[in-house]
Amino acid sequence: MNFPILNTNRLFLRQIQQEDIGNVLKGLSDSNVIQYYGISYKTLEETQQQIDWYKDLEKNKTGIYWAICSLDNTVFYGIGGFNQLSMEYKKAEIGFWLLPNFWNNGFMQEAFPVICSFGFEKLDLNRIEGFVEKENINCRKSIEKMGFTLEGIMRECEIKNDQFLDVCIYSKLKKENCK
């Protein structure tokens, strides 16, 4: 199967390529991006792990991520897609990040629905989950604006910087339509 290309009015979502490694490093080394992301890198060599992770998701059919770019594919904005893909249970976890220069431009509000629609229509998912650190208020507002329902809060379920943290569980079901 060829990699699925997705488009919106302003965005071109394509397969992540080796040439994107510099932009991935730029994003996943930025303190604003990684504050709630859970991973970070300092060198291109370290960032190769993330590029390999994206490739392995596709190869193992456990997820799919897109590079989110300008419509003419000249500007890289960020990345979004699915991991923890389970065809058996018809669900996946959604994840995304944008370079800070492109925050507050509505790009995620534009990309999210087409990614969700792909999940529901092409992958035949019934459920898309989002796990968001409780303190990540901007992400929580954003995912709620896109129609995801807060199901609950897992109290002190993860450790970051030697501190326990709470994680909010969000979901959207196929019958709720992601558009």
# chains A, B, ... in the order shown; residues from 1 in each chain; ligands from 1
>>> residues_around(residues="region 141-151 of chain A", least_positions_apart="4", cutoff="9 Å", atoms="only C-alpha atoms", output="number ranges by chain")
A: 108-109, 112-113, 128-130, 136-137, 168-173, 176-179
>>> write_last_selection(atoms="C-alpha atoms", output="tab-separated table (two decimals), in the first residue's frame")
chain	number	residue	atom	x	y	z
A	108	MET	CA	-3.86	21.44	14.46
A	109	GLN	CA	-7.55	22.32	14.30
A	112	PHE	CA	-6.75	16.78	13.43
A	113	PRO	CA	-10.10	16.19	11.68
A	128	ILE	CA	-9.32	7.35	19.07
A	129	GLU	CA	-7.68	8.08	22.41
A	130	GLY	CA	-5.66	11.04	23.56
A	136	ASN	CA	-1.01	20.85	29.69
A	137	ILE	CA	-3.97	23.24	29.62
A	168	CYS	CA	-6.15	12.98	31.37
A	169	ILE	CA	-7.78	10.39	29.12
A	170	TYR	CA	-9.74	11.74	26.15
A	171	SER	CA	-11.56	9.82	23.46
A	172	LYS	CA	-13.60	10.26	20.33
A	173	LEU	CA	-15.78	7.51	18.93
A	176	GLU	CA	-19.37	10.95	17.13
A	177	ASN	CA	-17.83	11.83	13.75
A	178	CYS	CA	-14.48	13.63	13.79
A	179	LYS	CA	-15.44	16.37	11.35
>>> residues_around(residues="region 29-32 of chain A", least_positions_apart="5", cutoff="9 Å", atoms="only C-alpha atoms", output="ChimeraX atom specification")
/A:24,39-43,99-100
>>> write_last_selection(atoms="all heavy atoms", output="PDB file, in the first residue's frame")
ATOM      1  N   VAL A  24      12.586  17.571  12.923  1.00  0.00           N
ATOM      2  CA  VAL A  24      12.170  16.782  14.087  1.00  0.00           C
ATOM      3  C   VAL A  24      13.052  17.154  15.284  1.00  0.00           C
ATOM      4  O   VAL A  24      12.554  17.362  16.392  1.00  0.00           O
ATOM      5  CB  VAL A  24      12.200  15.268  13.781  1.00  0.00           C
ATOM      6  CG1 VAL A  24      11.928  14.462  15.042  1.00  0.00           C
ATOM      7  CG2 VAL A  24      11.181  14.920  12.693  1.00  0.00           C
ATOM      8  N   ILE A  39       9.507  13.091  25.463  1.00  0.00           N
ATOM      9  CA  ILE A  39      10.825  12.750  24.924  1.00  0.00           C
ATOM     10  C   ILE A  39      11.481  14.021  24.415  1.00  0.00           C
ATOM     11  O   ILE A  39      10.807  15.003  24.099  1.00  0.00           O
ATOM     12  CB  ILE A  39      10.764  11.716  23.770  1.00  0.00           C
ATOM     13  CG1 ILE A  39       9.841  12.213  22.663  1.00  0.00           C
ATOM     14  CG2 ILE A  39      10.344  10.359  24.261  1.00  0.00           C
ATOM     15  CD1 ILE A  39       9.925  11.405  21.406  1.00  0.00           C
ATOM     16  N   SER A  40      12.793  13.994  24.352  1.00  0.00           N
ATOM     17  CA  SER A  40      13.531  15.123  23.786  1.00  0.00           C
ATOM     18  C   SER A  40      14.870  14.623  23.267  1.00  0.00           C
ATOM     19  O   SER A  40      15.362  13.580  23.695  1.00  0.00           O
ATOM     20  CB  SER A  40      13.742  16.213  24.843  1.00  0.00           C
ATOM     21  OG  SER A  40      14.549  15.732  25.885  1.00  0.00           O
ATOM     22  N   TYR A  41      15.417  15.381  22.344  1.00  0.00           N
ATOM     23  CA  TYR A  41      16.688  15.023  21.733  1.00  0.00           C
ATOM     24  C   TYR A  41      17.590  16.248  21.666  1.00  0.00           C
ATOM     25  O   TYR A  41      17.105  17.380  21.600  1.00  0.00           O
ATOM     26  CB  TYR A  41      16.468  14.462  20.324  1.00  0.00           C
ATOM     27  CG  TYR A  41      15.601  13.223  20.327  1.00  0.00           C
ATOM     28  CD1 TYR A  41      14.285  13.277  19.889  1.00  0.00           C
ATOM     29  CD2 TYR A  41      16.084  12.017  20.801  1.00  0.00           C
ATOM     30  CE1 TYR A  41      13.478  12.146  19.909  1.00  0.00           C
ATOM     31  CE2 TYR A  41      15.283  10.881  20.826  1.00  0.00           C
ATOM     32  CZ  TYR A  41      13.983  10.961  20.378  1.00  0.00           C
ATOM     33  OH  TYR A  41      13.192   9.842  20.412  1.00  0.00           O
ATOM     34  N   LYS A  42      18.897  15.983  21.658  1.00  0.00           N
ATOM     35  CA  LYS A  42      19.869  17.072  21.603  1.00  0.00           C
ATOM     36  C   LYS A  42      20.712  17.043  20.332  1.00  0.00           C
ATOM     37  O   LYS A  42      21.331  18.039  19.986  1.00  0.00           O
ATOM     38  CB  LYS A  42      20.786  17.012  22.823  1.00  0.00           C
ATOM     39  CG  LYS A  42      20.065  17.315  24.123  1.00  0.00           C
ATOM     40  CD  LYS A  42      21.051  17.345  25.285  1.00  0.00           C
ATOM     41  CE  LYS A  42      20.371  17.787  26.556  1.00  0.00           C
ATOM     42  NZ  LYS A  42      19.916  16.711  27.393  1.00  0.00           N
ATOM     43  N   THR A  43      20.758  15.885  19.653  1.00  0.00           N
ATOM     44  CA  THR A  43      21.603  15.754  18.459  1.00  0.00           C
ATOM     45  C   THR A  43      20.825  15.056  17.346  1.00  0.00           C
ATOM     46  O   THR A  43      19.814  14.389  17.596  1.00  0.00           O
ATOM     47  CB  THR A  43      22.860  14.915  18.756  1.00  0.00           C
ATOM     48  OG1 THR A  43      22.447  13.566  19.032  1.00  0.00           O
ATOM     49  CG2 THR A  43      23.653  15.472  19.929  1.00  0.00           C
ATOM     50  N   LEU A  99       5.913  22.931  15.646  1.00  0.00           N
ATOM     51  CA  LEU A  99       6.978  23.875  15.963  1.00  0.00           C
ATOM     52  C   LEU A  99       6.322  25.151  16.511  1.00  0.00           C
ATOM     53  O   LEU A  99       5.298  25.593  15.986  1.00  0.00           O
ATOM     54  CB  LEU A  99       7.796  24.196  14.713  1.00  0.00           C
ATOM     55  CG  LEU A  99       8.618  23.030  14.148  1.00  0.00           C
ATOM     56  CD1 LEU A  99       9.166  23.375  12.774  1.00  0.00           C
ATOM     57  CD2 LEU A  99       9.738  22.647  15.101  1.00  0.00           C
ATOM     58  N   PRO A 100       6.868  25.726  17.580  1.00  0.00           N
ATOM     59  CA  PRO A 100       6.230  26.883  18.223  1.00  0.00           C
ATOM     60  C   PRO A 100       5.952  28.061  17.301  1.00  0.00           C
ATOM     61  O   PRO A 100       4.985  28.797  17.517  1.00  0.00           O
ATOM     62  CB  PRO A 100       7.226  27.274  19.321  1.00  0.00           C
ATOM     63  CG  PRO A 100       7.917  26.007  19.647  1.00  0.00           C
ATOM     64  CD  PRO A 100       8.028  25.259  18.336  1.00  0.00           C
TER      65      PRO A 100
END
>>> residues_around(residues="Leu165 (chain A)", least_positions_apart="2", cutoff="10 Å", atoms="only C-alpha atoms", output="list in words")
Glu133, Lys134, Glu135, Met154, Arg155, Glu156, Cys157, Glu158, Ile159, Lys160, Asn161, Asp162, Gln163 and Val167 of chain A
>>> select_by_dssp(residues="region 65-104 of chain A", states="strand (DSSP E or B)", output="MDAnalysis selection string")
chainID A and resid 65:70 76:86 91:98
